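Text of run-v3.txt (compact mmCIF, C-alpha atoms) as supplied:
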```txt
# COMPACT_ATOMS: atom_id res chain seq x y z
CA MET A 1 -23.01 -31.62 28.22
CA ALA A 2 -23.77 -28.91 25.70
CA THR A 3 -25.17 -25.63 27.01
CA THR A 4 -28.73 -24.96 25.92
CA VAL A 5 -29.17 -21.62 24.16
CA PRO A 6 -32.29 -19.70 25.26
CA GLN A 7 -34.96 -19.54 22.57
CA GLU A 8 -34.84 -15.74 22.36
CA GLU A 9 -31.08 -15.81 21.66
CA LEU A 10 -31.18 -18.37 18.82
CA PRO A 11 -31.45 -15.69 16.08
CA ILE A 12 -28.35 -14.01 17.51
CA LEU A 13 -26.45 -17.32 17.51
CA GLU A 14 -27.43 -17.98 13.90
CA ALA A 15 -26.34 -14.48 12.89
CA VAL A 16 -22.95 -14.87 14.62
CA ILE A 17 -22.35 -18.26 12.97
CA ASN A 18 -23.19 -16.70 9.60
CA ILE A 19 -20.68 -13.88 10.24
CA ARG A 20 -18.00 -16.43 11.20
CA ASN A 21 -18.61 -18.37 7.96
CA ARG A 22 -18.30 -15.17 5.92
CA LEU A 23 -15.05 -14.27 7.70
CA THR A 24 -13.65 -17.74 7.05
CA ALA A 25 -14.53 -17.47 3.35
CA LEU A 26 -12.91 -14.04 3.21
CA LYS A 27 -9.73 -15.36 4.84
CA LYS A 28 -9.45 -18.33 2.44
CA ASN A 29 -10.01 -16.23 -0.69
CA ARG A 30 -6.51 -15.80 -2.17
CA ALA A 31 -7.73 -14.62 -5.56
CA GLU A 32 -8.11 -10.98 -4.52
CA TYR A 33 -7.08 -8.58 -1.78
CA VAL A 34 -9.30 -8.21 1.25
CA LYS A 35 -11.36 -5.01 1.02
CA ALA A 36 -11.52 -2.82 4.10
CA SER A 37 -15.21 -2.17 3.45
CA ASP A 38 -16.00 -5.93 3.61
CA VAL A 39 -14.16 -6.36 6.91
CA ASN A 40 -15.72 -3.23 8.38
CA SER A 41 -19.26 -4.33 7.47
CA LEU A 42 -18.67 -7.68 9.20
CA TYR A 43 -17.20 -5.92 12.23
CA GLN A 44 -20.28 -3.70 12.45
CA ALA A 45 -22.45 -6.81 12.24
CA VAL A 46 -20.56 -8.37 15.18
CA VAL A 47 -20.95 -5.20 17.26
CA LYS A 48 -24.65 -5.14 16.45
CA GLN A 49 -25.13 -8.72 17.65
CA GLY A 50 -23.07 -8.00 20.76
CA LYS A 51 -25.36 -5.11 21.59
CA SER A 52 -28.38 -7.36 21.09
CA ILE A 53 -27.06 -9.59 23.89
CA MET A 54 -25.85 -6.95 26.33
CA VAL A 55 -28.11 -3.97 25.91
CA PRO A 56 -31.68 -5.23 26.63
CA SER A 57 -30.87 -6.33 30.16
CA ASN A 58 -29.08 -3.07 31.01
CA PHE A 59 -31.39 -0.24 30.05
CA GLY A 60 -30.79 2.65 32.44
CA LYS A 61 -27.82 0.93 34.11
CA THR A 62 -24.87 3.20 33.37
CA LYS A 63 -22.87 2.07 36.42
CA ASP A 64 -22.99 -1.68 35.87
CA THR A 65 -20.15 -3.74 34.43
CA LEU A 66 -22.35 -5.25 31.71
CA ALA A 67 -23.45 -1.76 30.65
CA THR A 68 -19.80 -0.79 30.06
CA TYR A 69 -19.41 -3.30 27.21
CA CYS A 70 -21.20 -1.24 24.56
CA GLN A 71 -19.63 1.99 25.79
CA ILE A 72 -16.12 0.56 25.43
CA ALA A 73 -16.92 -0.86 21.98
CA SER A 74 -18.25 2.51 20.78
CA MET A 75 -15.37 4.45 22.30
CA ARG A 76 -12.84 2.15 20.67
CA GLN A 77 -14.42 2.71 17.24
CA ILE A 78 -14.29 6.47 17.67
CA LEU A 79 -10.70 6.41 18.94
CA ASN A 80 -9.58 4.25 16.02
CA HIS A 81 -11.20 6.68 13.62
CA MET A 82 -9.45 9.62 15.32
CA ASN A 83 -6.15 7.75 15.10
CA GLU A 84 -6.60 7.07 11.38
CA SER A 85 -7.66 10.63 10.56
CA THR A 86 -4.98 12.23 12.83
CA VAL A 87 -7.42 15.09 13.40
CA TYR A 88 -7.92 15.77 17.11
CA ASN A 89 -6.67 17.93 19.97
CA GLU A 90 -6.36 17.74 23.76
CA SER A 91 -9.95 18.87 24.36
CA ASP A 92 -11.18 15.93 22.19
CA LEU A 93 -9.23 13.38 24.24
CA ALA A 94 -10.10 14.70 27.72
CA PRO A 95 -13.70 13.26 27.81
CA PHE A 96 -12.40 9.82 26.74
CA HIS A 97 -9.74 9.88 29.44
CA ARG A 98 -12.31 10.76 32.14
CA ARG A 99 -14.90 8.21 31.02
CA LEU A 100 -12.37 5.38 30.72
CA SER A 101 -11.24 6.10 34.29
CA GLU A 102 -14.87 5.93 35.47
CA LEU A 103 -15.45 2.64 33.61
CA ARG A 104 -12.32 1.12 35.15
CA ASN A 105 -13.62 1.95 38.63
CA ILE A 106 -16.97 0.32 37.83
CA ILE A 107 -15.36 -2.88 36.51
CA GLN A 108 -12.91 -3.10 39.44
CA HIS A 109 -15.71 -2.57 41.98
CA ASP A 110 -17.91 -5.29 40.47
CA GLY A 111 -14.92 -7.62 40.14
CA GLU A 112 -13.94 -7.22 43.80
CA HIS A 113 -17.51 -7.91 44.94
CA GLY A 114 -17.92 -10.97 42.70
CA LYS A 115 -20.91 -9.59 40.83
CA HIS A 116 -19.88 -11.18 37.54
CA PRO A 117 -17.79 -14.16 36.34
CA LYS A 118 -14.03 -13.58 36.28
CA PRO A 119 -13.71 -14.31 32.51
CA LEU A 120 -16.16 -11.49 31.77
CA ILE A 121 -14.28 -9.06 34.04
CA LYS A 122 -11.00 -10.08 32.39
CA LEU A 123 -12.47 -9.54 28.89
CA LEU A 124 -13.72 -6.05 29.74
CA GLU A 125 -10.43 -5.11 31.42
CA ARG A 126 -8.51 -6.16 28.32
CA GLN A 127 -10.78 -4.07 26.06
CA LEU A 128 -10.45 -1.15 28.47
CA ASN A 129 -6.65 -1.46 28.39
CA GLU A 130 -6.69 -1.36 24.60
CA CYS A 131 -8.77 1.83 24.60
CA GLU A 132 -6.48 3.46 27.14
CA ALA A 133 -3.46 2.49 25.03
CA ILE A 134 -4.99 4.26 22.01
CA VAL A 135 -5.68 7.37 24.10
CA ARG A 136 -2.07 7.39 25.37
CA SER A 137 -0.78 7.02 21.82
CA LEU A 138 -2.92 9.93 20.65
CA GLN A 139 -1.75 12.08 23.57
CA GLU A 140 1.89 11.23 22.87
CA SER A 141 1.52 12.30 19.24
CA LEU A 142 0.21 15.66 20.45
CA SER A 143 3.04 16.02 22.98
CA VAL A 144 5.50 16.78 20.15
CA LEU A 145 3.38 19.80 19.15
CA SER A 146 5.11 23.04 20.12
CA VAL A 147 3.20 25.31 22.47
CA GLU A 148 3.40 28.12 19.90
CA LEU A 149 1.62 25.97 17.30
CA VAL A 150 -1.21 24.68 19.53
CA PRO A 151 -3.66 27.52 18.59
CA ILE A 152 -2.97 26.98 14.86
CA HIS A 153 -3.40 23.22 15.20
CA GLN A 154 -6.68 23.62 17.07
CA LYS A 155 -7.96 26.05 14.44
CA LEU A 156 -7.02 23.65 11.62
CA VAL A 157 -8.74 20.73 13.38
CA THR A 158 -11.91 22.82 13.67
CA LEU A 159 -11.72 23.91 10.03
CA ARG A 160 -11.23 20.34 8.83
CA ARG A 161 -14.29 19.20 10.75
CA GLN A 162 -16.36 22.00 9.25
CA LEU A 163 -15.14 21.07 5.77
CA VAL A 164 -15.92 17.37 6.25
CA THR A 165 -19.40 18.28 7.56
CA LEU A 166 -19.91 20.53 4.55
CA ALA A 167 -18.80 17.76 2.17
CA ALA A 168 -21.44 15.43 3.61
CA LYS A 169 -24.29 17.92 3.17
CA GLU A 170 -26.63 18.01 0.20
CA GLY A 171 -27.10 21.04 -2.00
CA SER A 172 -24.88 23.95 -2.96
CA HIS A 173 -21.94 24.81 -0.70
CA LYS A 174 -20.39 27.81 -2.47
CA ALA A 175 -21.51 30.41 0.09
CA GLU A 176 -20.50 28.26 3.08
CA LEU A 177 -17.20 27.15 1.53
CA ARG A 178 -15.89 30.63 0.77
CA PRO A 179 -15.34 31.82 4.40
CA LEU A 180 -13.64 28.51 5.28
CA GLN A 181 -11.28 28.92 2.32
CA GLU A 182 -10.53 32.47 3.44
CA GLU A 183 -9.60 31.19 6.91
CA LEU A 184 -7.26 28.63 5.35
CA ARG A 185 -5.66 31.27 3.14
CA LYS A 186 -5.16 33.49 6.16
CA ILE A 187 -3.33 30.67 7.97
CA GLU A 188 -1.30 29.88 4.84
CA SER A 189 -0.29 33.52 4.38
CA ALA A 190 1.08 33.59 7.95
CA ARG A 191 3.77 31.07 6.95
CA VAL A 192 7.24 32.28 5.99
CA ASP A 193 9.19 30.06 3.59
CA GLY A 194 6.68 27.30 4.35
CA ASN A 195 7.12 27.55 8.15
CA PHE A 196 4.87 28.76 10.93
CA LEU A 197 6.85 31.24 13.05
CA GLY A 198 6.91 31.66 16.82
CA PRO A 199 7.75 34.75 18.92
CA GLY A 200 10.80 36.61 17.66
CA GLY A 201 10.70 34.87 14.28
CA THR A 202 11.71 31.47 15.66
CA VAL A 203 10.69 28.26 13.84
CA PRO A 204 8.96 25.94 16.36
CA ALA A 205 9.24 22.17 16.10
CA SER A 206 6.44 19.93 14.76
CA GLN A 207 5.88 22.01 11.60
CA ALA A 208 4.92 18.87 9.66
CA LEU A 209 1.90 18.19 11.90
CA CYS A 210 0.30 21.56 11.12
CA SER A 211 1.51 21.78 7.52
CA SER A 212 0.09 18.38 6.55
CA LEU A 213 -3.22 19.25 8.21
CA LEU A 214 -3.35 22.55 6.33
CA GLU A 215 -2.66 20.80 3.01
CA GLU A 216 -5.38 18.25 3.77
CA CYS A 217 -7.87 21.05 4.44
CA PHE A 218 -7.08 22.65 1.07
CA GLU A 219 -7.49 19.26 -0.64
CA ILE A 220 -10.90 18.74 0.99
CA SER A 221 -12.02 22.21 -0.11
CA GLN A 222 -10.98 21.44 -3.70
CA GLU A 223 -12.80 18.10 -3.49
CA ILE A 224 -15.96 19.88 -2.31
CA LYS A 225 -15.79 22.28 -5.25
CA ALA A 226 -15.20 19.43 -7.70
CA ASN A 227 -18.11 17.40 -6.25
CA GLU A 228 -20.39 20.39 -6.61
CA GLU A 229 -19.28 20.89 -10.21
CA SER A 230 -19.91 17.19 -10.90
CA LYS A 231 -23.65 17.82 -10.48
CA HIS A 232 -23.54 20.06 -13.54
CA VAL A 233 -21.53 17.85 -15.91
CA ALA A 234 -23.19 17.92 -19.33
CA SER A 235 -24.60 14.65 -20.67
CA SER A 236 -22.12 14.78 -23.56
CA LEU A 237 -19.22 14.73 -21.08
CA LYS A 238 -20.73 12.12 -18.76
CA PRO A 239 -18.90 9.12 -20.36
CA ILE A 240 -15.54 10.88 -19.83
CA TYR A 241 -16.50 11.77 -16.27
CA ASP A 242 -17.51 8.17 -15.47
CA ARG A 243 -14.29 6.82 -17.01
CA LEU A 244 -12.12 9.20 -14.98
CA CYS A 245 -14.01 8.34 -11.78
CA GLY A 246 -13.37 4.65 -12.47
CA LEU A 247 -9.65 5.22 -13.09
CA ARG A 248 -9.35 7.26 -9.92
CA THR A 249 -11.06 4.57 -7.84
CA GLU A 250 -8.73 1.88 -9.22
CA LEU A 251 -5.61 3.99 -8.64
CA GLU A 252 -6.66 4.81 -5.06
CA SER A 253 -7.12 1.08 -4.47
CA LEU A 254 -3.59 0.44 -5.78
CA VAL A 255 -2.19 3.06 -3.40
CA LEU A 256 -3.62 1.04 -0.52
CA THR A 257 -2.65 -2.44 -1.70
CA HIS A 258 0.39 -2.24 -4.02
CA ARG A 259 2.05 1.06 -3.22
CA TRP A 260 5.55 -0.29 -2.57
CA THR A 261 5.68 -2.99 -5.26
CA LEU A 262 4.39 -1.36 -8.46
CA ARG A 263 6.61 -0.67 -11.45
CA GLU A 264 6.19 1.76 -14.34
CA THR A 265 5.03 -1.05 -16.65
CA ASP A 266 2.25 -1.97 -14.20
CA LEU A 267 0.76 1.51 -14.60
CA PHE A 268 1.22 1.77 -18.36
CA ASN A 269 -2.46 1.12 -19.15
CA TYR A 270 -3.58 3.77 -16.69
CA SER A 271 -1.17 6.33 -18.15
CA LEU A 272 -2.29 5.41 -21.67
CA SER A 273 -5.98 5.83 -20.75
CA LEU A 274 -5.32 9.26 -19.25
CA GLN A 275 -3.34 10.33 -22.32
CA GLU A 276 -6.22 9.23 -24.56
CA ILE A 277 -8.64 11.34 -22.51
CA ASP A 278 -6.18 14.26 -22.60
CA LYS A 279 -6.06 14.11 -26.40
CA MET A 280 -9.84 14.59 -26.57
CA ARG A 281 -9.41 18.23 -25.54
CA VAL A 282 -9.41 21.04 -28.06
CA GLU A 283 -7.36 24.06 -26.95
CA GLY A 284 -7.45 22.71 -23.42
CA LYS A 285 -11.24 22.17 -23.33
CA PHE A 286 -13.46 19.13 -23.75
CA VAL A 287 -15.95 19.68 -26.57
CA ASP A 288 -19.14 17.96 -27.72
CA SER A 289 -19.95 16.68 -31.21
CA GLU A 290 -20.86 20.20 -32.36
CA GLY A 291 -17.62 21.73 -31.10
CA ASN A 292 -19.22 23.48 -28.11
CA ARG A 293 -17.65 23.56 -24.63
CA PRO A 294 -20.27 22.03 -22.31
CA PRO A 295 -20.38 22.59 -18.51
CA GLY A 296 -18.27 20.29 -16.34
CA GLN A 297 -14.79 21.31 -17.51
CA TYR A 298 -13.41 21.99 -14.02
CA VAL A 299 -14.33 18.63 -12.50
CA LEU A 300 -12.86 16.71 -15.47
CA LEU A 301 -9.59 18.63 -15.16
CA TYR A 302 -9.62 18.02 -11.40
CA LEU A 303 -10.08 14.26 -11.90
CA LEU A 304 -7.30 14.16 -14.50
CA ARG A 305 -4.98 15.96 -12.10
CA ARG A 306 -5.89 13.61 -9.25
CA CYS A 307 -5.23 10.53 -11.41
CA TYR A 308 -1.83 11.81 -12.52
CA GLY A 309 -1.04 12.66 -8.91
CA LEU A 310 -1.90 9.12 -7.79
CA ILE A 311 0.34 7.63 -10.50
CA TYR A 312 3.15 9.89 -9.31
CA ARG A 313 2.65 8.72 -5.72
CA LEU A 314 2.66 5.08 -6.74
CA LEU A 315 5.80 5.37 -8.84
CA SER A 316 7.72 7.59 -6.43
CA ALA A 317 7.23 4.96 -3.71
CA SER A 318 8.78 2.16 -5.77
CA GLU A 319 10.67 3.49 -8.81
CA PRO A 320 13.86 5.58 -8.50
CA VAL A 321 14.66 8.70 -10.53
CA SER A 322 18.14 8.66 -12.06
CA GLU A 323 20.64 11.30 -10.97
CA GLU A 324 20.69 12.65 -14.52
CA LEU A 325 16.95 13.46 -14.40
CA MET A 326 16.95 14.93 -10.87
CA PRO A 327 17.33 18.58 -12.04
CA ILE A 328 14.18 18.17 -14.16
CA ALA A 329 12.36 16.45 -11.28
CA ASN A 330 13.34 19.28 -8.90
CA LYS A 331 12.20 21.95 -11.36
CA LEU A 332 8.84 20.19 -11.78
CA SER A 333 8.43 19.99 -8.01
CA THR A 334 9.02 23.74 -7.75
CA VAL A 335 6.56 24.54 -10.54
CA LYS A 336 3.93 22.25 -9.00
CA LYS A 337 4.40 23.85 -5.58
CA CYS A 338 3.97 27.34 -7.05
CA LEU A 339 0.87 26.33 -9.03
CA ASN A 340 -0.68 24.80 -5.92
CA GLU A 341 -0.04 28.05 -4.04
CA VAL A 342 -1.85 30.00 -6.78
CA LEU A 343 -4.73 27.50 -6.68
CA LYS A 344 -5.00 27.81 -2.89
CA PHE A 345 -5.26 31.59 -2.91
CA GLY A 346 -7.55 31.76 -5.92
CA GLY A 347 -8.06 34.90 -7.99
CA PRO A 348 -8.15 37.42 -9.21
CA PHE A 349 -5.27 36.66 -11.56
CA SER A 350 -4.64 37.16 -15.25
CA PRO A 351 -3.11 35.03 -18.04
CA ARG A 352 0.08 37.01 -17.44
CA ASP A 353 0.28 35.55 -13.91
CA LEU A 354 0.31 32.02 -15.35
CA TYR A 355 2.81 32.77 -18.12
CA PRO A 356 6.03 32.00 -16.13
CA TYR A 357 4.70 28.55 -15.17
CA GLN A 358 3.55 27.78 -18.72
CA LEU A 359 6.96 28.85 -20.02
CA ALA A 360 8.74 26.59 -17.51
CA LEU A 361 6.56 23.63 -18.53
CA PHE A 362 7.13 24.39 -22.22
CA GLN A 363 10.91 24.35 -21.63
CA ILE A 364 10.66 20.99 -19.85
CA ASP A 365 8.41 19.60 -22.60
CA SER A 366 10.94 20.66 -25.25
CA MET A 367 13.64 18.54 -23.55
CA ARG A 368 11.85 15.37 -24.58
CA GLN A 369 12.69 13.34 -27.67
CA ASP A 370 9.93 11.10 -29.00
CA GLY A 371 8.09 11.64 -25.73
CA ARG A 372 11.03 10.65 -23.48
CA PHE A 373 13.75 12.40 -21.54
CA VAL A 374 17.05 11.28 -23.05
CA GLY A 375 20.44 11.18 -21.31
CA VAL A 376 23.65 12.81 -22.58
CA ASP A 377 24.82 9.51 -24.04
CA GLY A 378 21.48 8.90 -25.77
CA SER A 379 20.26 6.39 -23.17
CA ILE A 380 16.82 6.46 -21.52
CA PRO A 381 17.42 7.11 -17.78
CA GLU A 382 15.19 5.68 -15.05
CA GLY A 383 12.25 7.72 -13.80
CA GLN A 384 10.44 8.45 -17.08
CA GLY A 385 7.03 7.52 -15.67
CA ILE A 386 7.45 9.65 -12.54
CA LEU A 387 8.47 12.73 -14.54
CA MET A 388 5.64 12.28 -17.05
CA ALA A 389 3.05 11.93 -14.29
CA HIS A 390 4.50 14.99 -12.56
CA LEU A 391 4.57 17.00 -15.80
CA SER A 392 1.00 16.02 -16.71
CA GLU A 393 -0.23 16.97 -13.24
CA CYS A 394 1.36 20.42 -13.63
CA HIS A 395 -0.35 20.89 -17.00
CA GLU A 396 -3.72 19.96 -15.46
CA LEU A 397 -3.13 22.47 -12.65
CA VAL A 398 -2.57 25.21 -15.24
CA GLU A 399 -5.79 24.25 -17.05
CA MET A 400 -7.70 24.22 -13.74
CA LEU A 401 -6.45 27.74 -13.01
CA LYS A 402 -7.50 28.90 -16.48
CA GLU A 403 -10.95 27.40 -15.92
CA SER A 404 -11.21 29.09 -12.50
CA MET A 405 -10.23 32.39 -14.14
CA GLU A 406 -13.02 32.06 -16.71
CA GLU A 407 -15.54 31.12 -13.99
CA ALA A 408 -14.53 34.21 -11.99
CA GLU A 409 -15.10 36.40 -15.06
CA GLU A 410 -18.55 34.85 -15.59
CA ASP A 411 -19.44 35.45 -11.91
CA GLU A 412 -18.37 39.10 -12.25
CA ASP A 413 -20.57 39.48 -15.36
CA ASP A 414 -23.51 37.97 -13.45
CA ASP A 415 -22.91 40.36 -10.54
CA ASP A 416 -22.78 43.34 -12.94
CA GLU A 417 -26.08 42.25 -14.50
CA ASP A 418 -27.65 41.97 -11.04
CA ILE A 419 -26.44 45.50 -10.18
CA GLU A 420 -27.84 46.87 -13.45
CA ASP A 421 -31.18 45.16 -12.77
CA ASP A 422 -31.25 46.69 -9.27
CA ASP A 423 -30.47 50.15 -10.70
CA ASP A 424 -33.27 49.81 -13.25
CA LEU A 425 -35.65 48.78 -10.47
CA ASP A 426 -34.63 51.79 -8.35
CA ASP A 427 -35.15 54.16 -11.31
CA ALA A 428 -38.60 52.69 -11.90
CA ARG A 429 -39.54 53.21 -8.24
CA LEU A 430 -38.34 56.83 -8.32
CA SER A 431 -40.42 57.48 -11.43
CA GLU A 432 -43.49 56.08 -9.71
CA GLU A 433 -42.90 58.27 -6.63
CA GLU A 434 -42.47 61.43 -8.77
CA ARG A 435 -45.81 60.75 -10.41
```
Do you think you could lay out the structure here as structure tokens?
Amino acid sequence: MATTVPQEELPILEAVINIRNRLTALKKNRAEYVKASDVNSLYQAVVKQGKSIMVPSNFGKTKDTLATYCQIASMRQILNHMNESTVYNESDLAPFHRRLSELRNIIQHDGEHGKHPKPLIKLLERQLNECEAIVRSLQESLSVLSVELVPIHQKLVTLRRQLVTLAAKEGSHKAELRPLQEELRKIESARVDGNFLGPGGTVPASQALCSSLLEECFEISQEIKANEESKHVASSLKPIYDRLCGLRTELESLVLTHRWTLRETDLFNYSLSLQEIDKMRVEGKFVDSEGNRPPGQYVLLYLLRRCYGLIYRLLSASEPVSEELMPIANKLSTVKKCLNEVLKFGGPFSPRDLYPYQLALFQIDSMRQDGRFVGVDGSIPEGQGILMAHLSECHELVEMLKESMEEAEEDEDDDDEDIEDDDDLDDARLSEEER
């Protein structure tokens, strides 16, 4: 005999059936890849309906088995997010460990006293076990962190959170971003040959954990600056901006879905589109129909660099570089690393500071014949696409640094004007007092 669903729960049943139908349709759709956003929205819908069933009858009951359901579901979401972001420390995990222990005691107590059906107790225990497994995994990943690097790791975790919070805020972030960038630069400058040192100049283990987190923080800070600049893109440059945003979105999607199977020919159209946009520049700048250089240069250069970087990532994961081209690839990697260091630390710097990198890129450019790197025997070695993406990214980094240099000069001029205005105001006040 079929179980009768209470009238007040019929809307929930209908909603759950609708979610199941959408999931089934998503599973059967072979024409395109499943999007994480679609799955996540359906998951959130399931959680919402689950709360509709469990929560109303348990207001104020924090020590009841039924009340633990929503807590476990929420905790699991947060833990999964922490696992994906890899940004956490021991103090973040301690509250989860304590609360999961408390919830286990509640479930075991109610199970032993027969307060709820065994299937429900079993379901909650399984979900609890899964949460505890995630916590253990997160703790194990931190266990490889050397004691000497714990303070640096904790500082970087805090800085990343502040940067992410800043990125989500509306309005201008220049004043708030600057001290965070200074903190990052201070941490970066403490490294020797790319390593964080321990007492006596030793090199502790788990360098990669802190180094990758530091690089991510710098990337977020650059993204914040670019997003702020995007608010001031001139209308004449808006079509280029929109096109680059679209290319970046598509390339980021490919990184998630096709990273290990793409070939150079698969990315040809993307490379061609970026080259077409590159050719629109006059002396390194995008100009309007009247030949002027409108605002928004920095963000366009940033997007170009990001797109070339994504192509490089895609190709390096699936296409090899021939042994003959490895010296060029290594030289490009060195130049890119140096340019990124300059970008991290910012100004002040002069055109003379950039000259060695421009010379190195010019020398690499001059090795090409008809746009390709040719082998000793006249053949075209493997890895052309990787080197071109790498080379283009280096060129965009140079242009970004030039643009930053010009912005710094404009800021200095503005500051000088403000000082002059203040001096004039002070002179006027003195004159009034003398009278």
Can you tell me how far CA of Phe218 in chain A sits from CA of Leu332 in chain A, in Å to one decimal?
->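 Between these atoms lies a distance of 20.6 Å.
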Excluding same-chain residues fewer than 3 positions from Leu301 in chain A, what lies within 9 Å of it counting only C-alpha atoms, as a PyMOL selection string?
-> chain A and resi 296-298+304-306+396-397+399-400+403
Option closest in space to Gln139 in chain A, from A:Asn89, A:Gln127, A:Gln162, A:Ser221 [counting only C-alpha atoms] =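 When distances to Gln139 in chain A are compared using only C-alpha atoms, the smallest one comes from A:Asn89.
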Option closest in space to Asp353 in chain A, from A:Cys338, A:His113, A:Ile19, A:Arg98 [counting only C-alpha atoms] |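 When distances to Asp353 in chain A are compared using only C-alpha atoms, the smallest one comes from A:Cys338.
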Compile the contact shell of range 264-281 of chain A as a ChimeraX atom specification: residues with an atom at most 10 Å away, counting all atoms listed in the file, same-chain residues fewer than 6 positions apart removed.
-> /A:240,243-244,247-248,250-251,254,287-288,293,300-301,304-305,307-308,311,314-316,318-319,382-386,388-389,392,396
At what distance in Å, to one decimal, does CA of Lys337 in chain A lie from CA of Leu197 in chain A?
-> 20.2 Å
For Asp193 in chain A, which of A:Gln181, A:Gln207, A:Glu90, A:Gln49 is the closest residue, counting all atoms listed in the file?
->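 Using all atoms listed in the file, the shortest distance to Asp193 in chain A belongs to A:Gln207.
Going from CA of Ile380 in chain A to CA of Leu325 in chain A covers 10.0 Å.
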Which residues come within 12 Å of range 140-148 of chain A, counting only C-alpha atoms, excluding same-chain residues fewer than 5 positions away, as JSON, numbers by chain?
-> {"A": [82, 83, 86, 87, 88, 89, 90, 91, 92, 93, 133, 134, 135, 153, 154, 196, 197, 198, 199, 200, 201, 202, 203, 204, 205, 206, 207, 208, 209, 210, 211]}
Counting only C-alpha atoms, the residue among A:Leu42, A:Leu180, A:Val299, A:Leu156 that lies closest to Val233 in chain A is A:Val299
